[in-house]
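Student: This one is work.cif, mmCIF, C-alpha atoms and all ligand atoms.
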```
data_upload
#
loop_
_atom_site.group_PDB
_atom_site.id
_atom_site.type_symbol
_atom_site.label_atom_id
_atom_site.label_comp_id
_atom_site.auth_asym_id
_atom_site.auth_seq_id
_atom_site.Cartn_x
_atom_site.Cartn_y
_atom_site.Cartn_z
ATOM 1 C CA MET A 1 28.996 11.959 7.673
ATOM 2 C CA ASP A 2 28.751 15.756 7.740
ATOM 3 C CA LEU A 3 31.178 16.259 10.676
ATOM 4 C CA VAL A 4 28.549 17.958 12.800
ATOM 5 C CA ASP A 5 28.423 17.443 16.578
ATOM 6 C CA PHE A 6 25.038 17.195 18.280
ATOM 7 C CA ARG A 7 24.793 17.455 22.049
ATOM 8 C CA ALA A 8 21.962 15.538 23.688
ATOM 9 C CA HIS A 9 21.016 14.211 27.113
ATOM 10 C CA LYS A 10 22.209 10.707 27.909
ATOM 11 C CA LEU A 11 19.084 10.017 29.938
ATOM 12 C CA ILE A 12 16.753 10.820 27.042
ATOM 13 C CA LEU A 13 18.777 8.757 24.580
ATOM 14 C CA SER A 14 19.008 5.863 27.039
ATOM 15 C CA PHE A 15 15.235 5.770 27.303
ATOM 16 C CA ALA A 16 14.903 5.786 23.531
ATOM 17 C CA SER A 17 17.345 2.981 22.753
ATOM 18 C CA PRO A 18 18.796 -0.004 24.614
ATOM 19 C CA LEU A 19 21.832 0.309 22.359
ATOM 20 C CA PHE A 20 22.539 3.846 23.580
ATOM 21 C CA ARG A 21 21.834 2.738 27.164
ATOM 22 C CA ASP A 22 24.551 0.085 26.861
ATOM 23 C CA MET A 23 26.942 2.499 25.181
ATOM 24 C CA PHE A 24 26.575 4.992 28.001
ATOM 25 C CA SER A 25 26.904 2.459 30.803
ATOM 26 C CA VAL A 26 29.992 0.652 29.513
ATOM 27 C CA GLY A 27 31.132 2.841 26.652
ATOM 28 C CA LYS A 28 34.509 4.414 26.369
ATOM 29 C CA SER A 29 34.894 8.053 27.154
ATOM 30 C CA SER A 30 35.394 10.350 24.243
ATOM 31 C CA GLY A 31 39.086 10.541 24.906
ATOM 32 C CA HIS A 32 38.850 14.168 25.870
ATOM 33 C CA MET A 33 40.315 14.685 29.309
ATOM 34 C CA PRO A 34 39.110 17.196 31.861
ATOM 35 C CA GLY A 35 40.937 20.434 31.344
ATOM 36 C CA GLN A 36 40.782 20.172 27.585
ATOM 37 C CA ASN A 37 39.225 23.361 26.504
ATOM 38 C CA ASP A 38 36.570 22.154 24.057
ATOM 39 C CA GLY A 39 33.657 22.248 26.487
ATOM 40 C CA ARG A 40 33.492 18.476 26.886
ATOM 41 C CA SER A 41 33.971 16.723 30.209
ATOM 42 C CA ALA A 42 34.960 13.136 30.957
ATOM 43 C CA ALA A 43 31.300 12.376 31.609
ATOM 44 C CA ASP A 44 30.456 13.093 27.987
ATOM 45 C CA ARG A 45 30.084 10.163 25.664
ATOM 46 C CA VAL A 46 30.484 10.421 21.947
ATOM 47 C CA VAL A 47 28.217 8.296 19.799
ATOM 48 C CA PRO A 48 29.809 8.194 16.377
ATOM 49 C CA MET A 49 27.078 8.199 13.714
ATOM 50 C CA THR A 50 29.348 8.394 10.738
ATOM 51 C CA GLU A 51 27.002 6.986 8.098
ATOM 52 C CA GLU A 52 24.135 9.375 8.748
ATOM 53 C CA THR A 53 23.849 12.911 7.461
ATOM 54 C CA ALA A 54 23.474 15.768 9.955
ATOM 55 C CA ASP A 55 19.882 16.198 8.780
ATOM 56 C CA VAL A 56 19.053 12.576 9.611
ATOM 57 C CA VAL A 57 20.671 12.790 13.070
ATOM 58 C CA GLU A 58 18.852 16.028 13.782
ATOM 59 C CA LYS A 59 15.496 14.472 12.885
ATOM 60 C CA LEU A 60 16.247 11.412 15.041
ATOM 61 C CA LEU A 61 17.068 13.624 18.025
ATOM 62 C CA LEU A 62 13.909 15.676 17.507
ATOM 63 C CA LEU A 63 11.952 12.423 17.664
ATOM 64 C CA CYS A 64 13.656 11.461 20.953
ATOM 65 C CA TYR A 65 12.645 14.698 22.657
ATOM 66 C CA PRO A 66 9.120 15.713 23.668
ATOM 67 C CA VAL A 67 8.968 18.467 21.095
ATOM 68 C CA GLU A 68 7.070 19.001 17.848
ATOM 69 C CA PRO A 69 8.068 16.023 15.643
ATOM 70 C CA PRO A 70 9.488 16.674 12.183
ATOM 71 C CA SER A 71 6.985 16.830 9.349
ATOM 72 C CA TRP A 72 7.502 14.575 6.347
ATOM 73 C CA GLU A 73 7.074 15.779 2.818
ATOM 74 C CA SER A 74 7.853 12.490 1.140
ATOM 75 C CA ALA A 75 8.475 8.835 1.815
ATOM 76 C CA SER A 76 12.041 9.313 0.557
ATOM 77 C CA GLN A 77 12.650 11.686 3.463
ATOM 78 C CA ILE A 78 11.479 9.111 6.019
ATOM 79 C CA HIS A 79 13.634 6.337 4.558
ATOM 80 C CA PRO A 80 17.136 7.256 5.916
ATOM 81 C CA VAL A 81 15.729 8.326 9.294
ATOM 82 C CA LEU A 82 13.833 5.053 9.702
ATOM 83 C CA ALA A 83 16.933 3.123 8.601
ATOM 84 C CA ALA A 84 18.966 4.886 11.309
ATOM 85 C CA ALA A 85 16.229 4.357 13.928
ATOM 86 C CA ILE A 86 16.285 0.619 13.214
ATOM 87 C CA LYS A 87 20.094 0.513 13.246
ATOM 88 C CA TYR A 88 20.353 2.301 16.605
ATOM 89 C CA GLN A 89 17.454 0.292 18.090
ATOM 90 C CA LEU A 90 15.259 3.334 18.620
ATOM 91 C CA GLU A 91 12.222 1.125 18.884
ATOM 92 C CA THR A 92 9.427 3.567 19.650
ATOM 93 C CA ILE A 93 10.707 5.919 16.977
ATOM 94 C CA SER A 94 10.917 3.069 14.458
ATOM 95 C CA THR A 95 7.275 2.247 15.142
ATOM 96 C CA THR A 96 6.253 5.888 14.684
ATOM 97 C CA LEU A 97 8.204 6.198 11.448
ATOM 98 C CA ARG A 98 6.840 2.917 10.071
ATOM 99 C CA LYS A 99 3.328 4.297 10.590
ATOM 100 C CA GLU A 100 4.306 7.557 8.856
ATOM 101 C CA LEU A 101 5.744 5.602 5.935
ATOM 102 C CA MET A 102 2.539 3.565 5.603
ATOM 103 C CA SER A 103 0.207 6.557 5.827
ATOM 104 C CA PRO A 104 -2.416 6.595 3.041
ATOM 105 C CA ARG A 105 -1.011 9.760 1.440
ATOM 106 C CA PHE A 106 2.276 7.998 0.616
ATOM 107 C CA LEU A 107 0.872 4.521 0.091
ATOM 108 C CA GLN A 108 -1.695 5.684 -2.438
ATOM 109 C CA SER A 109 0.546 8.028 -4.381
ATOM 110 C CA GLU A 110 3.766 5.996 -4.522
ATOM 111 C CA PRO A 111 3.260 2.377 -3.477
ATOM 112 C CA LEU A 112 6.261 1.152 -5.489
ATOM 113 C CA ARG A 113 8.567 3.505 -3.593
ATOM 114 C CA ILE A 114 7.156 2.297 -0.261
ATOM 115 C CA PHE A 115 7.597 -1.285 -1.449
ATOM 116 C CA ALA A 116 11.270 -0.596 -2.268
ATOM 117 C CA ILE A 117 11.922 1.129 1.061
ATOM 118 C CA ALA A 118 10.196 -1.667 2.997
ATOM 119 C CA CYS A 119 12.202 -4.346 1.159
ATOM 120 C CA HIS A 120 15.438 -2.467 1.812
ATOM 121 C CA LEU A 121 14.688 -2.316 5.553
ATOM 122 C CA LYS A 122 13.447 -5.941 5.615
ATOM 123 C CA LEU A 123 9.969 -4.902 6.756
ATOM 124 C CA SER A 124 7.980 -7.837 5.381
ATOM 125 C CA ASP A 125 4.515 -6.770 6.538
ATOM 126 C CA GLU A 126 4.945 -3.259 5.180
ATOM 127 C CA ALA A 127 6.293 -4.622 1.880
ATOM 128 C CA ARG A 128 3.217 -6.850 1.554
ATOM 129 C CA VAL A 129 0.791 -3.982 2.148
ATOM 130 C CA ALA A 130 2.687 -1.803 -0.329
ATOM 131 C CA ALA A 131 2.685 -4.645 -2.887
ATOM 132 C CA VAL A 132 -1.121 -4.849 -2.627
ATOM 133 C CA HIS A 133 -1.321 -1.089 -3.220
ATOM 134 C CA THR A 134 0.823 -1.314 -6.356
ATOM 135 C CA LEU A 135 -2.083 -3.227 -7.919
ATOM 136 C CA ARG A 136 -4.216 -0.085 -7.806
ATOM 137 C CA GLN A 137 -1.987 1.385 -10.480
ATOM 138 C CA PRO A 138 -1.246 -0.019 -13.920
ATOM 139 C CA MET A 139 2.240 -1.456 -14.269
ATOM 140 C CA ILE A 140 3.706 1.332 -16.342
ATOM 141 C CA PHE A 141 7.277 2.416 -16.674
ATOM 142 C CA GLU A 142 7.621 6.125 -16.121
ATOM 143 C CA GLY A 143 11.267 6.249 -15.169
ATOM 144 C CA ALA A 144 12.975 4.374 -12.360
ATOM 145 C CA ILE A 145 12.763 5.545 -8.761
ATOM 146 C CA LYS A 146 15.992 5.807 -6.802
ATOM 147 C CA GLU A 147 14.900 3.471 -3.991
ATOM 148 C CA LEU A 148 14.830 0.528 -6.408
ATOM 149 C CA GLN A 149 18.630 0.405 -6.136
ATOM 150 C CA PHE A 150 18.228 -1.030 -2.627
ATOM 151 C CA VAL A 151 15.914 -3.870 -3.678
ATOM 152 C CA SER A 152 16.993 -7.301 -4.860
ATOM 153 C CA SER A 153 15.773 -8.440 -8.248
ATOM 154 C CA LEU A 154 14.267 -11.396 -6.393
ATOM 155 C CA SER A 155 11.884 -9.036 -4.558
ATOM 156 C CA VAL A 156 11.005 -7.238 -7.790
ATOM 157 C CA TYR A 157 10.421 -10.579 -9.522
ATOM 158 C CA ARG A 158 8.078 -11.615 -6.721
ATOM 159 C CA LEU A 159 6.169 -8.359 -7.138
ATOM 160 C CA PHE A 160 5.576 -9.134 -10.830
ATOM 161 C CA GLU A 161 4.650 -12.711 -10.022
ATOM 162 C CA PHE A 162 2.201 -11.553 -7.348
ATOM 163 C CA ARG A 163 0.608 -9.124 -9.796
ATOM 164 C CA GLU A 164 0.155 -11.830 -12.414
ATOM 165 C CA ALA A 165 -1.251 -14.332 -9.894
ATOM 166 C CA SER A 166 -3.690 -11.683 -8.635
ATOM 167 C CA ARG A 167 -4.695 -10.708 -12.165
ATOM 168 C CA LYS A 168 -5.509 -14.306 -13.068
ATOM 169 C CA ALA A 169 -7.428 -14.915 -9.870
ATOM 170 C CA VAL A 170 -9.577 -11.788 -9.913
ATOM 171 C CA THR A 171 -10.474 -11.316 -13.584
ATOM 172 C CA VAL A 172 -12.514 -14.530 -13.374
ATOM 173 C CA LEU A 173 -14.540 -13.090 -10.498
ATOM 174 C CA ALA A 174 -16.210 -10.651 -12.878
ATOM 175 C CA VAL A 175 -17.559 -13.152 -15.377
ATOM 176 C CA ASP A 176 -20.942 -14.765 -15.770
ATOM 177 C CA SER A 177 -19.830 -18.303 -15.009
ATOM 178 C CA ASP A 178 -19.921 -20.794 -12.178
ATOM 179 C CA THR A 179 -16.480 -19.704 -10.975
ATOM 180 C CA GLY A 180 -17.277 -16.003 -10.948
ATOM 181 C CA SER A 181 -18.150 -13.939 -7.960
ATOM 182 C CA VAL A 182 -21.298 -12.710 -9.640
ATOM 183 C CA ASP A 183 -23.252 -15.262 -7.623
ATOM 184 C CA LEU A 184 -23.031 -12.507 -5.001
ATOM 185 C CA VAL A 185 -26.160 -11.210 -6.631
ATOM 186 C CA SER A 186 -28.065 -14.397 -7.409
ATOM 187 C CA LYS A 187 -29.830 -14.674 -4.061
ATOM 188 C CA ASP A 188 -31.147 -11.155 -4.270
ATOM 189 C CA THR A 189 -33.732 -11.069 -7.047
ATOM 190 C CA THR A 190 -34.611 -7.398 -6.612
ATOM 191 C CA TRP A 191 -31.635 -6.050 -8.543
ATOM 192 C CA ILE A 192 -32.814 -3.935 -11.421
ATOM 193 C CA TRP A 193 -30.990 -6.088 -14.008
ATOM 194 C CA PHE A 194 -33.218 -9.015 -12.969
ATOM 195 C CA THR A 195 -36.503 -7.155 -12.670
ATOM 196 C CA CYS A 196 -36.484 -5.067 -15.841
ATOM 197 C CA VAL A 197 -36.131 -7.828 -18.361
ATOM 198 C CA GLY A 198 -38.900 -7.583 -20.904
ATOM 199 C CA THR A 199 -37.352 -6.169 -23.975
ATOM 200 C CA PHE A 200 -34.556 -3.708 -23.757
ATOM 201 C CA ALA A 201 -34.257 -0.958 -26.344
ATOM 202 C CA GLY A 202 -36.353 -3.085 -28.687
ATOM 203 C CA THR A 203 -34.366 -6.349 -28.323
ATOM 204 C CA GLN A 204 -34.869 -9.380 -26.126
ATOM 205 C CA CYS A 205 -32.792 -9.471 -22.938
ATOM 206 C CA PRO A 206 -29.993 -12.063 -23.065
ATOM 207 C CA TRP A 207 -30.017 -15.257 -21.045
ATOM 208 C CA SER A 208 -27.475 -15.636 -18.235
ATOM 209 C CA PRO A 209 -26.140 -19.180 -17.829
ATOM 210 C CA ARG A 210 -25.000 -18.348 -14.304
ATOM 211 C CA PHE A 211 -28.325 -17.087 -13.026
ATOM 212 C CA ARG A 212 -30.487 -19.227 -15.293
ATOM 213 C CA ARG A 213 -32.616 -16.229 -16.053
ATOM 214 C CA LYS A 214 -32.739 -13.267 -18.365
ATOM 215 C CA VAL A 215 -30.773 -10.184 -17.416
ATOM 216 C CA THR A 216 -30.590 -6.725 -18.931
ATOM 217 C CA PRO A 217 -27.838 -6.462 -21.559
ATOM 218 C CA TRP A 218 -26.091 -3.588 -19.773
ATOM 219 C CA TRP A 219 -25.319 -5.944 -16.902
ATOM 220 C CA PHE A 220 -23.003 -7.866 -19.245
ATOM 221 C CA THR A 221 -21.516 -4.573 -20.366
ATOM 222 C CA TYR A 222 -20.605 -3.822 -16.754
ATOM 223 C CA LEU A 223 -19.023 -7.270 -16.277
ATOM 224 C CA GLY A 224 -16.966 -6.765 -19.438
ATOM 225 C CA SER A 225 -15.726 -3.366 -18.255
ATOM 226 C CA ALA A 226 -14.969 -4.731 -14.772
ATOM 227 C CA SER A 227 -13.069 -7.694 -16.159
ATOM 228 C CA SER A 228 -10.935 -5.578 -18.455
ATOM 229 C CA ALA A 229 -10.253 -3.010 -15.704
ATOM 230 C CA LEU A 230 -9.131 -5.844 -13.424
ATOM 231 C CA SER A 231 -6.723 -7.160 -16.013
ATOM 232 C CA GLN A 232 -5.022 -3.730 -16.025
ATOM 233 C CA LYS A 233 -5.251 -3.119 -12.282
ATOM 234 C CA PRO A 234 -6.171 -6.241 -10.269
ATOM 235 C CA SER A 235 -7.602 -4.358 -7.312
ATOM 236 C CA GLY A 236 -11.089 -3.807 -5.888
ATOM 237 C CA SER A 237 -10.908 -0.103 -6.675
ATOM 238 C CA SER A 238 -10.911 -0.974 -10.402
ATOM 239 C CA VAL A 239 -14.494 -2.252 -10.398
ATOM 240 C CA THR A 240 -16.029 0.638 -8.449
ATOM 241 C CA SER A 241 -14.505 3.472 -10.466
ATOM 242 C CA ASP A 242 -16.748 5.768 -12.498
ATOM 243 C CA SER A 243 -14.935 4.873 -15.693
ATOM 244 C CA THR A 244 -15.765 1.184 -15.171
ATOM 245 C CA LEU A 245 -19.441 1.908 -14.445
ATOM 246 C CA LEU A 246 -19.879 4.429 -17.254
ATOM 247 C CA ALA A 247 -20.543 2.287 -20.344
ATOM 248 C CA ALA A 248 -23.175 0.162 -18.585
ATOM 249 C CA LEU A 249 -24.905 3.210 -17.118
ATOM 250 C CA ASN A 250 -25.004 4.844 -20.547
ATOM 251 C CA GLU A 251 -26.684 1.745 -21.947
ATOM 252 C CA ALA A 252 -29.080 1.554 -19.023
ATOM 253 C CA SER A 253 -30.182 5.119 -19.662
ATOM 254 C CA ALA A 254 -31.989 3.886 -22.783
ATOM 255 C CA CYS A 255 -34.697 2.455 -20.491
ATOM 256 C CA ASN A 256 -36.653 4.707 -18.150
ATOM 257 C CA LYS A 257 -36.952 2.160 -15.382
ATOM 258 C CA CYS A 258 -33.318 1.009 -15.589
ATOM 259 C CA SER A 259 -31.968 4.526 -15.743
ATOM 260 C CA SER A 260 -33.573 5.487 -12.448
ATOM 261 C CA GLU A 261 -32.164 2.521 -10.531
ATOM 262 C CA ALA A 262 -29.091 1.381 -12.432
ATOM 263 C CA TYR A 263 -26.643 3.664 -10.669
ATOM 264 C CA SER A 264 -27.577 2.765 -7.102
ATOM 265 C CA ASP A 265 -27.823 -0.976 -7.788
ATOM 266 C CA LEU A 266 -24.625 -1.104 -9.803
ATOM 267 C CA ALA A 267 -22.731 0.997 -7.254
ATOM 268 C CA ARG A 268 -23.920 -1.344 -4.507
ATOM 269 C CA PHE A 269 -23.015 -4.463 -6.478
ATOM 270 C CA SER A 270 -19.614 -3.089 -7.500
ATOM 271 C CA LYS A 271 -18.730 -2.648 -3.828
ATOM 272 C CA LEU A 272 -19.577 -6.307 -3.150
ATOM 273 C CA LEU A 273 -17.457 -7.339 -6.113
ATOM 274 C CA ALA A 274 -14.608 -5.052 -4.960
ATOM 275 C CA ALA A 275 -14.665 -6.669 -1.524
ATOM 276 C CA ALA A 276 -14.464 -10.130 -3.130
ATOM 277 C CA VAL A 277 -11.534 -8.977 -5.289
ATOM 278 C CA ASP A 278 -9.664 -7.437 -2.348
ATOM 279 C CA LYS A 279 -10.227 -10.564 -0.251
ATOM 280 C CA LYS A 280 -8.765 -12.721 -3.005
ATOM 281 C CA VAL A 281 -5.753 -10.432 -3.428
ATOM 282 C CA GLU A 282 -5.213 -10.415 0.338
ATOM 283 C CA GLU A 283 -5.188 -14.221 0.386
ATOM 284 C CA ILE A 284 -2.625 -14.319 -2.407
ATOM 285 C CA SER A 285 -0.456 -11.629 -0.795
ATOM 286 C CA ASN A 286 -0.309 -13.666 2.401
ATOM 287 C CA THR A 287 1.514 -16.419 0.527
ATOM 288 C CA TYR A 288 4.371 -13.996 -0.284
ATOM 289 C CA ASP A 289 7.367 -12.830 1.704
ATOM 290 C CA PHE A 290 8.721 -10.153 -0.611
ATOM 291 C CA CYS A 291 11.796 -9.463 1.547
ATOM 292 C CA ALA A 292 12.960 -13.055 1.973
ATOM 293 C CA THR A 293 16.249 -14.187 0.525
ATOM 294 C CA TRP A 294 16.302 -17.349 -1.518
HETATM 295 ZN ZN ZN B 1 -35.042 -1.409 -17.957
#
```
Hey, can you dump this file as structure tokens for me?

Tutor:
Amino acid sequence: MDLVDFRAHKLILSFASPLFRDMFSVGKSSGHMPGQNDGRSAADRVVPMTEETADVVEKLLLLCYPVEPPSWESASQIHPVLAAAIKYQLETISTTLRKELMSPRFLQSEPLRIFAIACHLKLSDEARVAAVHTLRQPMIFEGAIKELQFVSSLSVYRLFEFREASRKAVTVLAVDSDTGSVDLVSKDTTWIWFTCVGTFAGTQCPWSPRFRRKVTPWWFTYLGSASSALSQKPSGSSVTSDSTLLAALNEASACNKCSSEAYSDLARFSKLLAAAVDKKVEEISNTYDFCATW
């Protein structure tokens, strides 16, 4: 694309890609005859990479050679290099770049961008993982990202559908009912919300239909916060966050006994609930192929 010539060793490129290996064994010569004074010989082969920028080709070549690999500042930077690696069948390099793309620093900060890149390159597994990570953020519209231009509206529709299906399935886990996941705690009667149930701040503790026993009122406050956090962000991380725990812990601090144990018990329970939420989301995500055509 940028009319830049790169000179590389055929042997190295042949190891990196079966496509290059075939090009070099049967490919045409560059058309430059011996005696032409441009430094090329008949043994040279020209691989035209007309759609890639010089920067992309340079990074690909760096990855072929046993030298310090390029460092990646953003997922957007990886995108064209990975696309070229897939196109030229640079398999080991594709695997390396897919791992870079899916590294936590990119996945956590811009899951929608990773989703778009994965859909563009037809990487179904990566798209699914990225889709799950989009649930850790609220669905807000803060300006489009350029990679969305490569994604079909079908894939984007599926992402919305997946979010809604996950939201419905996980908000009911944090309710005091027979369908909720709160039965995670029913077998263990030592939780502080079961043991400190005389009166709480001068009022009688409420009755839980699920546990068929009294529980401290702040336990219901936690469930309410968890449920509403899940409806914004249907992901396990929603129920363990400080902001979700805060209101219940504030209420618990009104009782001396509760206040000393509420944090550790609630933190422990919220992790169990988060695992149940993430398991549910995982199950739902496995029913989706975000990259598939109709
Ligand atoms: Zn108490």

Student: What lies within 8 Å of A:Ser94 using all atoms listed in the file, ignoring chain neighbours under 6 positions off, as a list in words?

Tutor: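 Skipping anything fewer than 6 positions along the chain leaves Leu82, Ala85 and Ile86 of chain A.
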
Student: Which residues of chain A have any atom within 9 Å of an atom in ligand ZN 1 (chain B) when counting only C-alpha atoms and all ligand atoms, and what is the closest pair of atoms for each, with the distance in Å to one decimal? Order the rows by chain and rising number and write it as CSV.

Tutor:
```
residue,atom,partner,partner_atom,distance
A:Ile192,CA,B:ZN1,ZN,7.4
A:Trp193,CA,B:ZN1,ZN,7.3
A:Thr195,CA,B:ZN1,ZN,7.9
A:Cys196,CA,B:ZN1,ZN,4.5
A:Val197,CA,B:ZN1,ZN,6.5
A:Gly198,CA,B:ZN1,ZN,7.9
A:Thr199,CA,B:ZN1,ZN,8.0
A:Phe200,CA,B:ZN1,ZN,6.3
A:Ala201,CA,B:ZN1,ZN,8.4
A:Thr216,CA,B:ZN1,ZN,7.0
A:Ala252,CA,B:ZN1,ZN,6.7
A:Ser253,CA,B:ZN1,ZN,8.3
A:Ala254,CA,B:ZN1,ZN,7.8
A:Cys255,CA,B:ZN1,ZN,4.6
A:Asn256,CA,B:ZN1,ZN,6.3
A:Lys257,CA,B:ZN1,ZN,4.8
A:Cys258,CA,B:ZN1,ZN,3.8
A:Ser259,CA,B:ZN1,ZN,7.0
A:Ser260,CA,B:ZN1,ZN,8.9
A:Glu261,CA,B:ZN1,ZN,8.9
A:Ala262,CA,B:ZN1,ZN,8.6
```

Student: Any chance you could work out the axis-aligned box around stretch 118-137 of chain A, listed atoms only, 5 Å on each side, giving centre and edge lengths in Å to one decimal, as AutoDock Vina command-line options?

Tutor:
```
--center_x 5.6 --center_y -3.2 --center_z -1.9 --size_x 29.7 --size_y 19.2 --size_z 27.2
```

Student: Could you spell out the hits of the PyMOL selection byres (((chain A and resi 109-114) around 8) and not hetatm) on the shown file, as a list in words?

Tutor: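 Selection result, ordered by chain and number: Ala75, Ser76, Leu101, Met102, Arg105, Phe106, Leu107, Gln108, Phe115, Ala116, Ile117, Ala118, Ala127, Ala130, Ala131, His133, Thr134, Ile145, Glu147 and Leu148 of chain A.
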
Student: If you apply the PyMOL selection byres (((chain A and resi 224) around 12) and not hetatm) to this file, what residues do you get, as a PyMOL selection string?

Tutor: chain A and resi 171-176+217-223+225-231+239+244-248

Student: Do you know which residues the PyMOL selection byres (((chain A and resi 157-161) around 9) and not hetatm) returns on this file, as a VMD selection string?

Tutor: chain A and resid 131 134 152 to 156 162 to 166 288 to 290

Student: When you draw a straight line from atom CA of A:Val185 to atom CA of A:Phe269, how long is it in Å?

Tutor: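 Straight-line distance from atom CA of A:Val185 to atom CA of A:Phe269 works out to 7.4 Å.
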
Student: Work out how far apart atom CA of A:Pro18 and atom CA of A:Asp55 are and give it in Å to one decimal.

Tutor: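 Distance between the two atoms: 22.7 Å.
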
Student: Got a sec: who's within 8 Å of A:Cys291, counting all atoms listed in the file, leaving out chain neighbours fewer than 5 positions off, as JSON, numbers by chain?

Tutor: {"A": [119, 120, 122, 123, 124, 127, 155]}

Student: Measuring between all atoms listed in the file, which one of A:Arg167, A:Arg213, A:Arg268, A:Lys99 shows the shortest distance to A:Met139?

Tutor: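 So, comparing all the options, the nearest one is A:Arg167.
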
Student: How many Å lie between atom CA of A:Pro234 and atom CA of A:Val132, rounded to one decimal?

Tutor: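 Calculated distance between atom CA of A:Pro234 and atom CA of A:Val132 is 9.3 Å.
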
Student: Could you add whatever atoms are missing so that stretch 181-199 of chain A carries N, CA and C atoms, then write the result as a PDB file, in the frame of the given file?

Tutor:
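Final output, result10.pdb:
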```pdb
ATOM      1  N   SER A 181     -17.611 -14.426  -9.209  1.00  0.00           N
ATOM      2  CA  SER A 181     -18.150 -13.939  -7.960  1.00  0.00           C
ATOM      3  C   SER A 181     -19.514 -13.311  -8.149  1.00  0.00           C
ATOM      4  N   VAL A 182     -20.013 -13.356  -9.394  1.00  0.00           N
ATOM      5  CA  VAL A 182     -21.298 -12.710  -9.640  1.00  0.00           C
ATOM      6  C   VAL A 182     -22.447 -13.424  -8.942  1.00  0.00           C
ATOM      7  N   ASP A 183     -22.185 -14.619  -8.396  1.00  0.00           N
ATOM      8  CA  ASP A 183     -23.252 -15.262  -7.623  1.00  0.00           C
ATOM      9  C   ASP A 183     -23.549 -14.469  -6.345  1.00  0.00           C
ATOM     10  N   LEU A 184     -22.726 -13.454  -6.072  1.00  0.00           N
ATOM     11  CA  LEU A 184     -23.031 -12.507  -5.001  1.00  0.00           C
ATOM     12  C   LEU A 184     -24.430 -11.940  -5.152  1.00  0.00           C
ATOM     13  N   VAL A 185     -24.880 -11.875  -6.396  1.00  0.00           N
ATOM     14  CA  VAL A 185     -26.160 -11.210  -6.631  1.00  0.00           C
ATOM     15  C   VAL A 185     -27.311 -12.183  -6.831  1.00  0.00           C
ATOM     16  N   SER A 186     -27.011 -13.476  -6.975  1.00  0.00           N
ATOM     17  CA  SER A 186     -28.065 -14.397  -7.409  1.00  0.00           C
ATOM     18  C   SER A 186     -29.163 -14.593  -6.367  1.00  0.00           C
ATOM     19  N   LYS A 187     -28.821 -14.436  -5.094  1.00  0.00           N
ATOM     20  CA  LYS A 187     -29.830 -14.674  -4.061  1.00  0.00           C
ATOM     21  C   LYS A 187     -30.795 -13.502  -3.937  1.00  0.00           C
ATOM     22  N   ASP A 188     -30.318 -12.352  -4.373  1.00  0.00           N
ATOM     23  CA  ASP A 188     -31.147 -11.155  -4.270  1.00  0.00           C
ATOM     24  C   ASP A 188     -31.787 -10.891  -5.629  1.00  0.00           C
ATOM     25  N   THR A 189     -33.087 -11.164  -5.734  1.00  0.00           N
ATOM     26  CA  THR A 189     -33.732 -11.069  -7.047  1.00  0.00           C
ATOM     27  C   THR A 189     -34.296  -9.679  -7.317  1.00  0.00           C
ATOM     28  N   THR A 190     -34.039  -8.736  -6.418  1.00  0.00           N
ATOM     29  CA  THR A 190     -34.611  -7.398  -6.612  1.00  0.00           C
ATOM     30  C   THR A 190     -33.706  -6.454  -7.397  1.00  0.00           C
ATOM     31  N   TRP A 191     -32.511  -6.921  -7.759  1.00  0.00           N
ATOM     32  CA  TRP A 191     -31.635  -6.050  -8.543  1.00  0.00           C
ATOM     33  C   TRP A 191     -32.343  -5.659  -9.840  1.00  0.00           C
ATOM     34  N   ILE A 192     -32.113  -4.456 -10.247  1.00  0.00           N
ATOM     35  CA  ILE A 192     -32.814  -3.935 -11.421  1.00  0.00           C
ATOM     36  C   ILE A 192     -32.514  -4.742 -12.690  1.00  0.00           C
ATOM     37  N   TRP A 193     -31.306  -5.321 -12.785  1.00  0.00           N
ATOM     38  CA  TRP A 193     -30.990  -6.088 -14.008  1.00  0.00           C
ATOM     39  C   TRP A 193     -31.744  -7.417 -14.067  1.00  0.00           C
ATOM     40  N   PHE A 194     -32.360  -7.826 -12.940  1.00  0.00           N
ATOM     41  CA  PHE A 194     -33.218  -9.015 -12.969  1.00  0.00           C
ATOM     42  C   PHE A 194     -34.690  -8.650 -13.182  1.00  0.00           C
ATOM     43  N   THR A 195     -35.061  -7.471 -12.675  1.00  0.00           N
ATOM     44  CA  THR A 195     -36.503  -7.155 -12.670  1.00  0.00           C
ATOM     45  C   THR A 195     -36.972  -6.452 -13.938  1.00  0.00           C
ATOM     46  N   CYS A 196     -36.071  -5.824 -14.655  1.00  0.00           N
ATOM     47  CA  CYS A 196     -36.484  -5.067 -15.841  1.00  0.00           C
ATOM     48  C   CYS A 196     -36.073  -5.811 -17.099  1.00  0.00           C
ATOM     49  N   VAL A 197     -36.656  -6.987 -17.294  1.00  0.00           N
ATOM     50  CA  VAL A 197     -36.131  -7.828 -18.361  1.00  0.00           C
ATOM     51  C   VAL A 197     -37.155  -8.202 -19.433  1.00  0.00           C
ATOM     52  N   GLY A 198     -38.025  -7.293 -19.765  1.00  0.00           N
ATOM     53  CA  GLY A 198     -38.900  -7.583 -20.904  1.00  0.00           C
ATOM     54  C   GLY A 198     -38.055  -7.487 -22.160  1.00  0.00           C
ATOM     55  N   THR A 199     -38.266  -6.448 -22.874  1.00  0.00           N
ATOM     56  CA  THR A 199     -37.352  -6.169 -23.975  1.00  0.00           C
ATOM     57  C   THR A 199     -36.564  -4.942 -23.571  1.00  0.00           C
TER      58      THR A 199
END
```
